[in-house]
Amino acid sequence: MPHEPAPCVCFIGMSDVKLWGMTPAERMLKLLAPHGIGNVVSEDDLKGSGPSVILIRADAVLDVPIVPLLIGDVGLVLLGEETATERPVAVHSPPEHAAEAAKILVDGNDRVPVYFRAKMKRPGELDASYWKALRKRENPYALTIGRDNARSVEWRSFMGTYKGATDVVTKHLWPWPAFHVTRWIAPTAITPNLVTALSAVCVVLAFWLFMEAHWALGLAAAWAMTFLDTVDGKLARVTLTSSKWGNVFDHGIDLVHPPFWYAAWAVGLGATEYALEAEYSLWILGAIIAGYILQRLMEGAAIAWLGLEIHIWRRIDTLFRQITARRNPNLVIMTVSAIIGRPDWGLIAVAAWTVLCLVLHGLQLLQAFVAKSRGGNLQSWMNQQAGTS
């Protein structure tokens, strides 16, 4: 069957303010492209604009989840959120009402035609608060950008790329420096994959330095890797340049490297006065690596058999994700041990914390299976709060 023609796009007004190296109109076209929409018409050509036309203020900045909802709802008038008057920033109009829609975006919502009155909605009223891909609940934004608020709009869009369930370092320490580095990189030719490649170099460097018992330098390389691991994902999302290969490259490195760091740390200890007995060292390293693998398998089992990431089931699970035995929390333990001059205690503490977290994850998974077996419809606490199924 033939495909229904895609809506056209019309930008109302002008804006040359850059957001992550793009004007709002350029960014909007990138957001629309995956939906097969790219035919831009002028205000003079609205009458012949096809089945429908999406009119957008040229200075409007829309959040990613809003776009498909705007595309799929002819008649929707999207209100901006940053002013008390909630001025309309976008309208999806049939061609016969397109001229009226353009007038709404120019004059505001004081005299909205009858056709559009029933579908005037704020971003928080679009049922797009639960983001499954980013494991979080957050109202999307619809803003207008100017030279006076460009920095705050960039910050809002940057923080909107963060996952809701992540570790304490990524959530609370990295945002401010990562924002400034991402803002500096975005207009350049540096790609997210190039940042990921640099983080891979830091992975190898940290591994070698740990083996040589250069704890401070090794930790510096390790923390640089974790910082770049934050920057590459944020750069991809804010510049709308995410790719399947980049996702595999980034997550593949994240998944594989931690056990090698712990093994290298154990080897490095062997050449120092803090060397552990061989059998003891093997037990410690075995507990860390086995615990790491089993926790990953548990997470996969939850997704495969329960249809839910275990870290976002209940609020307590999301809070626990901030400190669970994963790379960054473990690096905090190892850093503290290096600072106090007992790197052996760091490895022992990581092993103990890994085993404890493994037990706690096992209890989480068991509770989830019990709830499922009793006929419960498992869903994230974020989604429950959103009131969706």
# chains A, B, ... in the order shown; residues from 1 in each chain; ligands from 1
$ select_by_dssp --residues "segment 309-350 of chain A" --states "alpha helix (DSSP H)" --output "list in words"
Arg315, Ile316, Asp317, Thr318, Leu319, Phe320, Arg321, Arg327, Asn328, Pro329, Asn330, Leu331, Val332, Ile333, Met334, Thr335, Val336, Ser337, Ala338, Ile339, Pro343, Asp344, Trp345, Gly346, Leu347, Ile348, Ala349 and Val350 of chain A
$ write_last_selection --atoms "C-alpha atoms" --output "PDB file, in the first residue's frame"
ATOM      1  CA  ARG A 315      12.426   3.785  43.996  1.00  0.00           C
ATOM      2  CA  ILE A 316      14.821   2.002  46.377  1.00  0.00           C
ATOM      3  CA  ASP A 317      16.282   0.060  43.431  1.00  0.00           C
ATOM      4  CA  THR A 318      17.027   3.312  41.593  1.00  0.00           C
ATOM      5  CA  LEU A 319      18.647   4.798  44.688  1.00  0.00           C
ATOM      6  CA  PHE A 320      20.745   1.664  45.200  1.00  0.00           C
ATOM      7  CA  ARG A 321      21.956   1.886  41.576  1.00  0.00           C
ATOM      8  CA  ARG A 327      32.909   0.662  37.903  1.00  0.00           C
ATOM      9  CA  ASN A 328      32.563   4.179  39.310  1.00  0.00           C
ATOM     10  CA  PRO A 329      31.585   3.284  42.891  1.00  0.00           C
ATOM     11  CA  ASN A 330      34.404   0.705  42.887  1.00  0.00           C
ATOM     12  CA  LEU A 331      36.818   3.348  41.634  1.00  0.00           C
ATOM     13  CA  VAL A 332      35.855   5.529  44.583  1.00  0.00           C
ATOM     14  CA  ILE A 333      36.821   2.685  46.933  1.00  0.00           C
ATOM     15  CA  MET A 334      40.109   2.094  45.094  1.00  0.00           C
ATOM     16  CA  THR A 335      40.920   5.815  45.072  1.00  0.00           C
ATOM     17  CA  VAL A 336      40.377   6.111  48.823  1.00  0.00           C
ATOM     18  CA  SER A 337      42.610   3.080  49.401  1.00  0.00           C
ATOM     19  CA  ALA A 338      45.365   4.622  47.273  1.00  0.00           C
ATOM     20  CA  ILE A 339      45.105   7.946  49.118  1.00  0.00           C
ATOM     21  CA  PRO A 343      45.922  -0.314  47.812  1.00  0.00           C
ATOM     22  CA  ASP A 344      45.471  -3.887  49.091  1.00  0.00           C
ATOM     23  CA  TRP A 345      42.569  -2.769  51.269  1.00  0.00           C
ATOM     24  CA  GLY A 346      40.971  -1.266  48.176  1.00  0.00           C
ATOM     25  CA  LEU A 347      40.880  -4.583  46.344  1.00  0.00           C
ATOM     26  CA  ILE A 348      39.607  -6.397  49.425  1.00  0.00           C
ATOM     27  CA  ALA A 349      36.899  -3.757  49.963  1.00  0.00           C
ATOM     28  CA  VAL A 350      35.800  -3.977  46.312  1.00  0.00           C
TER      29      VAL A 350
END
$ closest_atom_pairs --of "segment 129-195 of chain A" --to "segment 11-21 of chain A" --cutoff "7 Å" --atoms "only C-alpha atoms" --output "Markdown table"
| residue | atom | partner | partner_atom | distance |
| --- | --- | --- | --- | --- |
| A:Gly146 | CA | A:Val17 | CA | 6.3 |
| A:Arg147 | CA | A:Val17 | CA | 6.5 |
| A:Glu154 | CA | A:Leu19 | CA | 6.5 |
| A:Arg183 | CA | A:Trp20 | CA | 6.4 |
| A:Ala186 | CA | A:Trp20 | CA | 5.4 |
| A:Pro187 | CA | A:Gly21 | CA | 4.4 |
$ select_by_dssp --residues "segment 33-207 of chain A" --states "strand (DSSP E)" --output "compact mmCIF listing (two decimals) with N, CA and C atoms, in the first residue's frame"
# COMPACT_ATOMS: atom_id res chain seq x y z
N VAL A 53 0.72 20.45 7.82
CA VAL A 53 1.96 21.21 7.93
C VAL A 53 2.27 21.43 9.41
N ILE A 54 3.53 21.21 9.76
CA ILE A 54 3.98 21.47 11.12
C ILE A 54 4.64 22.83 11.12
N LEU A 55 4.03 23.78 11.82
CA LEU A 55 4.57 25.13 11.90
C LEU A 55 5.29 25.28 13.23
N ILE A 56 6.51 25.79 13.18
CA ILE A 56 7.34 25.89 14.38
C ILE A 56 8.00 27.27 14.42
N ARG A 57 8.00 27.88 15.56
CA ARG A 57 8.76 29.12 15.71
C ARG A 57 10.23 28.83 15.43
N ALA A 60 12.31 28.05 18.46
CA ALA A 60 11.80 27.04 19.38
C ALA A 60 12.79 25.89 19.53
N VAL A 61 12.92 25.41 20.77
CA VAL A 61 13.75 24.25 21.08
C VAL A 61 12.85 23.21 21.74
N LEU A 62 12.61 22.11 21.04
CA LEU A 62 11.71 21.07 21.53
C LEU A 62 12.50 19.85 21.98
N VAL A 77 -1.70 22.31 19.40
CA VAL A 77 -1.00 23.57 19.61
C VAL A 77 -0.10 23.37 20.82
N LEU A 78 1.20 23.37 20.62
CA LEU A 78 2.15 23.14 21.70
C LEU A 78 2.54 24.46 22.34
N LEU A 79 2.32 24.55 23.64
CA LEU A 79 2.63 25.76 24.37
C LEU A 79 4.04 25.70 24.93
N PRO A 88 2.40 29.84 22.37
CA PRO A 88 2.55 28.68 21.48
C PRO A 88 3.88 28.71 20.75
N VAL A 89 4.50 27.53 20.63
CA VAL A 89 5.78 27.45 19.92
C VAL A 89 5.70 26.56 18.69
N ALA A 90 4.66 25.73 18.59
CA ALA A 90 4.51 24.85 17.42
C ALA A 90 3.04 24.47 17.26
N VAL A 91 2.66 24.27 16.01
CA VAL A 91 1.29 23.87 15.69
C VAL A 91 1.34 22.85 14.55
N HIS A 92 0.59 21.75 14.69
CA HIS A 92 0.43 20.81 13.58
C HIS A 92 -0.95 21.06 12.99
N SER A 93 -0.98 21.61 11.80
CA SER A 93 -2.22 22.11 11.23
C SER A 93 -2.56 21.44 9.91
N MET A 120 -4.79 22.72 22.83
CA MET A 120 -3.68 23.53 23.33
C MET A 120 -3.10 22.82 24.55
N LYS A 121 -1.85 22.39 24.45
CA LYS A 121 -1.27 21.58 25.52
C LYS A 121 0.12 22.06 25.89
N TYR A 130 7.55 9.61 31.01
CA TYR A 130 8.36 8.44 31.29
C TYR A 130 9.20 8.10 30.07
N TRP A 131 10.53 8.15 30.24
CA TRP A 131 11.45 7.89 29.15
C TRP A 131 12.07 6.51 29.36
N LYS A 136 14.08 7.11 33.11
CA LYS A 136 13.78 8.21 34.01
C LYS A 136 12.39 8.76 33.76
N ARG A 137 11.93 9.54 34.72
CA ARG A 137 10.68 10.27 34.58
C ARG A 137 11.00 11.77 34.62
N ALA A 142 9.71 22.54 26.08
CA ALA A 142 9.43 23.29 24.85
C ALA A 142 9.75 24.73 25.16
N LEU A 143 10.88 25.21 24.64
CA LEU A 143 11.41 26.52 25.01
C LEU A 143 11.64 27.37 23.77
N THR A 144 11.81 28.65 23.99
CA THR A 144 12.32 29.52 22.92
C THR A 144 13.68 30.04 23.38
$ closest_residue --among "A:Thr196, A:Thr230, A:Thr23, A:Ser52" --to "Thr166 of chain A" --atoms "only C-alpha atoms"
A:Thr230
$ closest_residue --among "A:Ile145, A:Val238, A:Ala351, A:Ala102" --to "Val64 of chain A" --atoms "only C-alpha atoms"
A:Val238
$ residues_around --residues "Gly300 of chain A" --least-positions-apart "4" --cutoff "8 Å" --atoms "only C-alpha atoms" --output "PyMOL selection string"
chain A and resi 296+304+309
$ write_last_selection --atoms "C-alpha atoms" --output "short mmCIF file (atom, residue, chain, number, x, y, z; two decimals), in the first residue's frame"
data_model
loop_
_atom_site.label_atom_id
_atom_site.label_comp_id
_atom_site.auth_asym_id
_atom_site.auth_seq_id
_atom_site.Cartn_x
_atom_site.Cartn_y
_atom_site.Cartn_z
CA ARG A 296 25.27 -8.34 34.71
CA ALA A 304 14.51 -11.01 29.32
CA GLU A 309 15.37 -3.28 34.21
#
$ closest_residue --among "A:Thr239, A:Asn149, A:Gln364, A:Asn139" --to "Leu126 of chain A" --atoms "only C-alpha atoms"
A:Asn139
$ residues_around --residues "Val203 of chain A" --least-positions-apart "6" --cutoff "10 Å" --atoms "only C-alpha atoms" --output "list in words"
Ala197, Gly218, Ala221, Ala222, Trp223, Ala224, Met225, Thr226, Ile253, Asp254, His257, Pro258, Phe260 and Trp261 of chain A
$ closest_residue --among "A:Leu365, A:Ala6, A:Leu240, A:Ile340" --to "Ser157 of chain A" --atoms "only C-alpha atoms"
A:Leu240
$ atom_distance --atom1 "atom CA of Ala325 of chain A" --atom2 "atom CA of Trp353 of chain A"
6.3 Å
$ atom_distance --atom1 "atom CA of Gly270 of chain A" --atom2 "atom CA of Phe210 of chain A"
11.0 Å
$ residues_around --residues "Phe227 of chain A" --least-positions-apart "3" --cutoff "12 Å" --atoms "only C-alpha atoms" --output "VMD selection string"
chain A and resid 169 to 171 173 to 179 181 to 182 195 to 196 198 to 200 202 to 203 220 to 224 230 to 234 328
$ write_last_selection --atoms "N, CA and C atoms" --output "mmCIF file, in the first residue's frame"
data_model
loop_
_atom_site.group_PDB
_atom_site.id
_atom_site.type_symbol
_atom_site.label_atom_id
_atom_site.label_comp_id
_atom_site.auth_asym_id
_atom_site.auth_seq_id
_atom_site.Cartn_x
_atom_site.Cartn_y
_atom_site.Cartn_z
ATOM 1 N N VAL A 169 28.616 9.163 40.892
ATOM 2 C CA VAL A 169 29.617 10.030 40.252
ATOM 3 C C VAL A 169 29.049 10.638 38.974
ATOM 4 N N THR A 170 28.475 9.796 38.136
ATOM 5 C CA THR A 170 27.899 10.268 36.875
ATOM 6 C C THR A 170 26.753 11.232 37.122
ATOM 7 N N LYS A 171 25.965 10.955 38.142
ATOM 8 C CA LYS A 171 24.758 11.744 38.407
ATOM 9 C C LYS A 171 25.055 13.085 39.064
ATOM 10 N N LEU A 173 28.619 14.328 40.140
ATOM 11 C CA LEU A 173 29.944 14.958 40.003
ATOM 12 C C LEU A 173 30.238 15.416 38.579
ATOM 13 N N TRP A 174 29.917 14.607 37.598
ATOM 14 C CA TRP A 174 30.328 14.911 36.224
ATOM 15 C C TRP A 174 29.485 15.943 35.477
ATOM 16 N N PRO A 175 28.197 16.173 35.795
ATOM 17 C CA PRO A 175 27.396 17.056 34.938
ATOM 18 C C PRO A 175 28.008 18.415 34.644
ATOM 19 N N TRP A 176 28.461 19.156 35.664
ATOM 20 C CA TRP A 176 28.952 20.517 35.406
ATOM 21 C C TRP A 176 30.182 20.532 34.511
ATOM 22 N N PRO A 177 31.268 19.780 34.819
ATOM 23 C CA PRO A 177 32.413 19.805 33.903
ATOM 24 C C PRO A 177 32.092 19.188 32.539
ATOM 25 N N ALA A 178 31.265 18.148 32.513
ATOM 26 C CA ALA A 178 30.915 17.520 31.235
ATOM 27 C C ALA A 178 30.128 18.478 30.348
ATOM 28 N N PHE A 179 29.286 19.310 30.959
ATOM 29 C CA PHE A 179 28.529 20.301 30.197
ATOM 30 C C PHE A 179 29.461 21.260 29.476
ATOM 31 N N VAL A 181 32.709 20.894 28.741
ATOM 32 C CA VAL A 181 33.518 20.213 27.727
ATOM 33 C C VAL A 181 32.665 19.903 26.498
ATOM 34 N N THR A 182 31.450 19.425 26.714
ATOM 35 C CA THR A 182 30.553 19.119 25.590
ATOM 36 C C THR A 182 30.217 20.389 24.811
ATOM 37 N N VAL A 195 35.638 10.697 20.777
ATOM 38 C CA VAL A 195 35.739 10.781 22.237
ATOM 39 C C VAL A 195 35.754 9.379 22.833
ATOM 40 N N THR A 196 34.919 8.485 22.310
ATOM 41 C CA THR A 196 34.898 7.094 22.786
ATOM 42 C C THR A 196 36.236 6.418 22.539
ATOM 43 N N LEU A 198 39.144 7.863 22.433
ATOM 44 C CA LEU A 198 40.084 8.393 23.413
ATOM 45 C C LEU A 198 39.867 7.747 24.777
ATOM 46 N N SER A 199 38.594 7.493 25.120
ATOM 47 C CA SER A 199 38.319 6.815 26.384
ATOM 48 C C SER A 199 38.858 5.391 26.364
ATOM 49 N N ALA A 200 38.842 4.742 25.197
ATOM 50 C CA ALA A 200 39.405 3.393 25.070
ATOM 51 C C ALA A 200 40.915 3.406 25.313
ATOM 52 N N CYS A 202 42.396 5.474 27.290
ATOM 53 C CA CYS A 202 42.527 5.612 28.747
ATOM 54 C C CYS A 202 42.308 4.278 29.454
ATOM 55 N N VAL A 203 41.423 3.446 28.913
ATOM 56 C CA VAL A 203 41.199 2.113 29.483
ATOM 57 C C VAL A 203 42.491 1.309 29.478
ATOM 58 N N ALA A 220 44.151 8.255 37.663
ATOM 59 C CA ALA A 220 43.908 9.450 36.849
ATOM 60 C C ALA A 220 43.411 9.046 35.460
ATOM 61 N N ALA A 221 44.047 8.036 34.874
ATOM 62 C CA ALA A 221 43.611 7.552 33.563
ATOM 63 C C ALA A 221 42.218 6.931 33.640
ATOM 64 N N ALA A 222 41.962 6.184 34.730
ATOM 65 C CA ALA A 222 40.658 5.540 34.891
ATOM 66 C C ALA A 222 39.550 6.571 35.037
ATOM 67 N N TRP A 223 39.795 7.601 35.856
ATOM 68 C CA TRP A 223 38.774 8.632 36.032
ATOM 69 C C TRP A 223 38.589 9.448 34.750
ATOM 70 N N ALA A 224 39.681 9.657 34.006
ATOM 71 C CA ALA A 224 39.554 10.342 32.712
ATOM 72 C C ALA A 224 38.658 9.535 31.776
ATOM 73 N N THR A 230 31.121 9.774 29.954
ATOM 74 C CA THR A 230 29.961 10.645 30.109
ATOM 75 C C THR A 230 29.854 11.608 28.937
ATOM 76 N N VAL A 231 30.967 12.192 28.540
ATOM 77 C CA VAL A 231 30.956 13.212 27.495
ATOM 78 C C VAL A 231 30.516 12.642 26.151
ATOM 79 N N ASP A 232 31.002 11.447 25.781
ATOM 80 C CA ASP A 232 30.675 10.945 24.441
ATOM 81 C C ASP A 232 29.175 10.729 24.253
ATOM 82 N N GLY A 233 28.516 10.183 25.284
ATOM 83 C CA GLY A 233 27.073 9.976 25.174
ATOM 84 C C GLY A 233 26.301 11.269 25.145
ATOM 85 N N LYS A 234 26.717 12.224 25.967
ATOM 86 C CA LYS A 234 26.016 13.511 25.999
ATOM 87 C C LYS A 234 26.236 14.272 24.689
ATOM 88 N N ASN A 328 32.290 2.913 38.633
ATOM 89 C CA ASN A 328 32.563 4.179 39.310
ATOM 90 C C ASN A 328 32.534 4.089 40.832
#
$ closest_residue --among "A:Val114, A:Leu235, A:Leu46, A:Leu306" --to "Gly75 of chain A" --atoms "only C-alpha atoms"
A:Val114
$ closest_residue --among "A:Trp208, A:Tyr280, A:Phe158, A:Tyr292" --to "Val359 of chain A" --atoms "only C-alpha atoms"
A:Tyr292
$ decode --residues "segment 270-307 of chain A" --atoms "N, CA and C atoms" --output "PDB file, in the first residue's frame"
ATOM      1  N   GLY A 270      51.161  -7.463  43.571  1.00  0.00           N
ATOM      2  CA  GLY A 270      52.147  -8.530  43.723  1.00  0.00           C
ATOM      3  C   GLY A 270      53.581  -8.041  43.706  1.00  0.00           C
ATOM      4  N   ALA A 271      53.826  -6.867  43.141  1.00  0.00           N
ATOM      5  CA  ALA A 271      55.191  -6.332  43.055  1.00  0.00           C
ATOM      6  C   ALA A 271      55.472  -5.313  44.145  1.00  0.00           C
ATOM      7  N   THR A 272      54.578  -5.207  45.149  1.00  0.00           N
ATOM      8  CA  THR A 272      54.748  -4.221  46.208  1.00  0.00           C
ATOM      9  C   THR A 272      54.763  -4.903  47.576  1.00  0.00           C
ATOM     10  N   GLU A 273      54.996  -4.109  48.580  1.00  0.00           N
ATOM     11  CA  GLU A 273      54.984  -4.637  49.945  1.00  0.00           C
ATOM     12  C   GLU A 273      53.593  -5.027  50.408  1.00  0.00           C
ATOM     13  N   TYR A 274      52.587  -4.664  49.623  1.00  0.00           N
ATOM     14  CA  TYR A 274      51.220  -4.986  49.989  1.00  0.00           C
ATOM     15  C   TYR A 274      50.701  -6.217  49.248  1.00  0.00           C
ATOM     16  N   ALA A 275      51.600  -6.991  48.694  1.00  0.00           N
ATOM     17  CA  ALA A 275      51.214  -8.182  47.945  1.00  0.00           C
ATOM     18  C   ALA A 275      50.398  -9.127  48.825  1.00  0.00           C
ATOM     19  N   LEU A 276      49.333  -9.658  48.244  1.00  0.00           N
ATOM     20  CA  LEU A 276      48.493 -10.629  48.935  1.00  0.00           C
ATOM     21  C   LEU A 276      48.977 -12.029  48.623  1.00  0.00           C
ATOM     22  N   GLU A 277      48.713 -12.953  49.520  1.00  0.00           N
ATOM     23  CA  GLU A 277      49.061 -14.340  49.242  1.00  0.00           C
ATOM     24  C   GLU A 277      48.336 -14.786  47.977  1.00  0.00           C
ATOM     25  N   ALA A 278      49.023 -15.623  47.195  1.00  0.00           N
ATOM     26  CA  ALA A 278      48.502 -16.004  45.883  1.00  0.00           C
ATOM     27  C   ALA A 278      47.091 -16.573  45.964  1.00  0.00           C
ATOM     28  N   GLU A 279      46.872 -17.496  46.898  1.00  0.00           N
ATOM     29  CA  GLU A 279      45.549 -18.118  47.009  1.00  0.00           C
ATOM     30  C   GLU A 279      44.494 -17.094  47.430  1.00  0.00           C
ATOM     31  N   TYR A 280      44.867 -16.232  48.392  1.00  0.00           N
ATOM     32  CA  TYR A 280      43.964 -15.190  48.871  1.00  0.00           C
ATOM     33  C   TYR A 280      43.620 -14.213  47.743  1.00  0.00           C
ATOM     34  N   SER A 281      44.648 -13.849  46.977  1.00  0.00           N
ATOM     35  CA  SER A 281      44.454 -12.932  45.854  1.00  0.00           C
ATOM     36  C   SER A 281      43.503 -13.520  44.818  1.00  0.00           C
ATOM     37  N   LEU A 282      43.641 -14.805  44.545  1.00  0.00           N
ATOM     38  CA  LEU A 282      42.765 -15.464  43.563  1.00  0.00           C
ATOM     39  C   LEU A 282      41.316 -15.471  44.048  1.00  0.00           C
ATOM     40  N   TRP A 283      41.122 -15.726  45.340  1.00  0.00           N
ATOM     41  CA  TRP A 283      39.772 -15.717  45.883  1.00  0.00           C
ATOM     42  C   TRP A 283      39.149 -14.318  45.786  1.00  0.00           C
ATOM     43  N   ILE A 284      39.931 -13.311  46.115  1.00  0.00           N
ATOM     44  CA  ILE A 284      39.432 -11.937  46.043  1.00  0.00           C
ATOM     45  C   ILE A 284      39.088 -11.556  44.607  1.00  0.00           C
ATOM     46  N   LEU A 285      40.016 -11.835  43.713  1.00  0.00           N
ATOM     47  CA  LEU A 285      39.796 -11.491  42.305  1.00  0.00           C
ATOM     48  C   LEU A 285      38.637 -12.299  41.737  1.00  0.00           C
ATOM     49  N   GLY A 286      38.545 -13.563  42.128  1.00  0.00           N
ATOM     50  CA  GLY A 286      37.436 -14.394  41.663  1.00  0.00           C
ATOM     51  C   GLY A 286      36.099 -13.859  42.121  1.00  0.00           C
ATOM     52  N   ALA A 287      36.042 -13.385  43.390  1.00  0.00           N
ATOM     53  CA  ALA A 287      34.794 -12.836  43.912  1.00  0.00           C
ATOM     54  C   ALA A 287      34.382 -11.584  43.137  1.00  0.00           C
ATOM     55  N   ILE A 288      35.364 -10.727  42.828  1.00  0.00           N
ATOM     56  CA  ILE A 288      35.056  -9.487  42.103  1.00  0.00           C
ATOM     57  C   ILE A 288      34.564  -9.783  40.691  1.00  0.00           C
ATOM     58  N   ILE A 289      35.314 -10.605  39.973  1.00  0.00           N
ATOM     59  CA  ILE A 289      34.971 -10.866  38.566  1.00  0.00           C
ATOM     60  C   ILE A 289      33.696 -11.689  38.460  1.00  0.00           C
ATOM     61  N   ALA A 290      33.584 -12.738  39.287  1.00  0.00           N
ATOM     62  CA  ALA A 290      32.366 -13.552  39.252  1.00  0.00           C
ATOM     63  C   ALA A 290      31.149 -12.721  39.653  1.00  0.00           C
ATOM     64  N   GLY A 291      31.332 -11.886  40.685  1.00  0.00           N
ATOM     65  CA  GLY A 291      30.229 -11.028  41.112  1.00  0.00           C
ATOM     66  C   GLY A 291      29.819 -10.050  40.037  1.00  0.00           C
ATOM     67  N   TYR A 292      30.801  -9.497  39.351  1.00  0.00           N
ATOM     68  CA  TYR A 292      30.511  -8.552  38.263  1.00  0.00           C
ATOM     69  C   TYR A 292      29.715  -9.233  37.155  1.00  0.00           C
ATOM     70  N   ILE A 293      30.171 -10.417  36.753  1.00  0.00           N
ATOM     71  CA  ILE A 293      29.500 -11.140  35.671  1.00  0.00           C
ATOM     72  C   ILE A 293      28.093 -11.563  36.081  1.00  0.00           C
ATOM     73  N   LEU A 294      27.955 -12.088  37.302  1.00  0.00           N
ATOM     74  CA  LEU A 294      26.649 -12.540  37.769  1.00  0.00           C
ATOM     75  C   LEU A 294      25.662 -11.384  37.900  1.00  0.00           C
ATOM     76  N   GLN A 295      26.129 -10.219  38.347  1.00  0.00           N
ATOM     77  CA  GLN A 295      25.236  -9.067  38.433  1.00  0.00           C
ATOM     78  C   GLN A 295      24.764  -8.646  37.052  1.00  0.00           C
ATOM     79  N   ARG A 296      25.657  -8.675  36.090  1.00  0.00           N
ATOM     80  CA  ARG A 296      25.268  -8.345  34.710  1.00  0.00           C
ATOM     81  C   ARG A 296      24.249  -9.355  34.184  1.00  0.00           C
ATOM     82  N   LEU A 297      24.470 -10.646  34.497  1.00  0.00           N
ATOM     83  CA  LEU A 297      23.531 -11.680  34.059  1.00  0.00           C
ATOM     84  C   LEU A 297      22.164 -11.495  34.717  1.00  0.00           C
ATOM     85  N   MET A 298      22.163 -11.099  35.978  1.00  0.00           N
ATOM     86  CA  MET A 298      20.899 -10.836  36.670  1.00  0.00           C
ATOM     87  C   MET A 298      20.143  -9.695  36.006  1.00  0.00           C
ATOM     88  N   GLU A 299      20.871  -8.661  35.642  1.00  0.00           N
ATOM     89  CA  GLU A 299      20.236  -7.531  34.964  1.00  0.00           C
ATOM     90  C   GLU A 299      19.632  -7.976  33.635  1.00  0.00           C
ATOM     91  N   GLY A 300      20.390  -8.811  32.902  1.00  0.00           N
ATOM     92  CA  GLY A 300      19.878  -9.335  31.641  1.00  0.00           C
ATOM     93  C   GLY A 300      18.672 -10.231  31.835  1.00  0.00           C
ATOM     94  N   ALA A 301      18.693 -11.053  32.913  1.00  0.00           N
ATOM     95  CA  ALA A 301      17.568 -11.944  33.197  1.00  0.00           C
ATOM     96  C   ALA A 301      16.303 -11.147  33.502  1.00  0.00           C
ATOM     97  N   ALA A 302      16.459 -10.053  34.232  1.00  0.00           N
ATOM     98  CA  ALA A 302      15.300  -9.215  34.557  1.00  0.00           C
ATOM     99  C   ALA A 302      14.664  -8.652  33.292  1.00  0.00           C
ATOM    100  N   ILE A 303      15.499  -8.221  32.367  1.00  0.00           N
ATOM    101  CA  ILE A 303      14.982  -7.665  31.113  1.00  0.00           C
ATOM    102  C   ILE A 303      14.327  -8.755  30.274  1.00  0.00           C
ATOM    103  N   ALA A 304      14.995  -9.926  30.182  1.00  0.00           N
ATOM    104  CA  ALA A 304      14.506 -11.007  29.325  1.00  0.00           C
ATOM    105  C   ALA A 304      13.243 -11.660  29.872  1.00  0.00           C
ATOM    106  N   TRP A 305      13.189 -11.909  31.175  1.00  0.00           N
ATOM    107  CA  TRP A 305      12.089 -12.678  31.766  1.00  0.00           C
ATOM    108  C   TRP A 305      11.021 -11.845  32.431  1.00  0.00           C
ATOM    109  N   LEU A 306      11.381 -10.648  32.849  1.00  0.00           N
ATOM    110  CA  LEU A 306      10.415  -9.791  33.528  1.00  0.00           C
ATOM    111  C   LEU A 306      10.024  -8.577  32.697  1.00  0.00           C
ATOM    112  N   GLY A 307      10.803  -8.327  31.642  1.00  0.00           N
ATOM    113  CA  GLY A 307      10.518  -7.178  30.789  1.00  0.00           C
ATOM    114  C   GLY A 307      10.778  -5.854  31.475  1.00  0.00           C
TER     115      GLY A 307
END
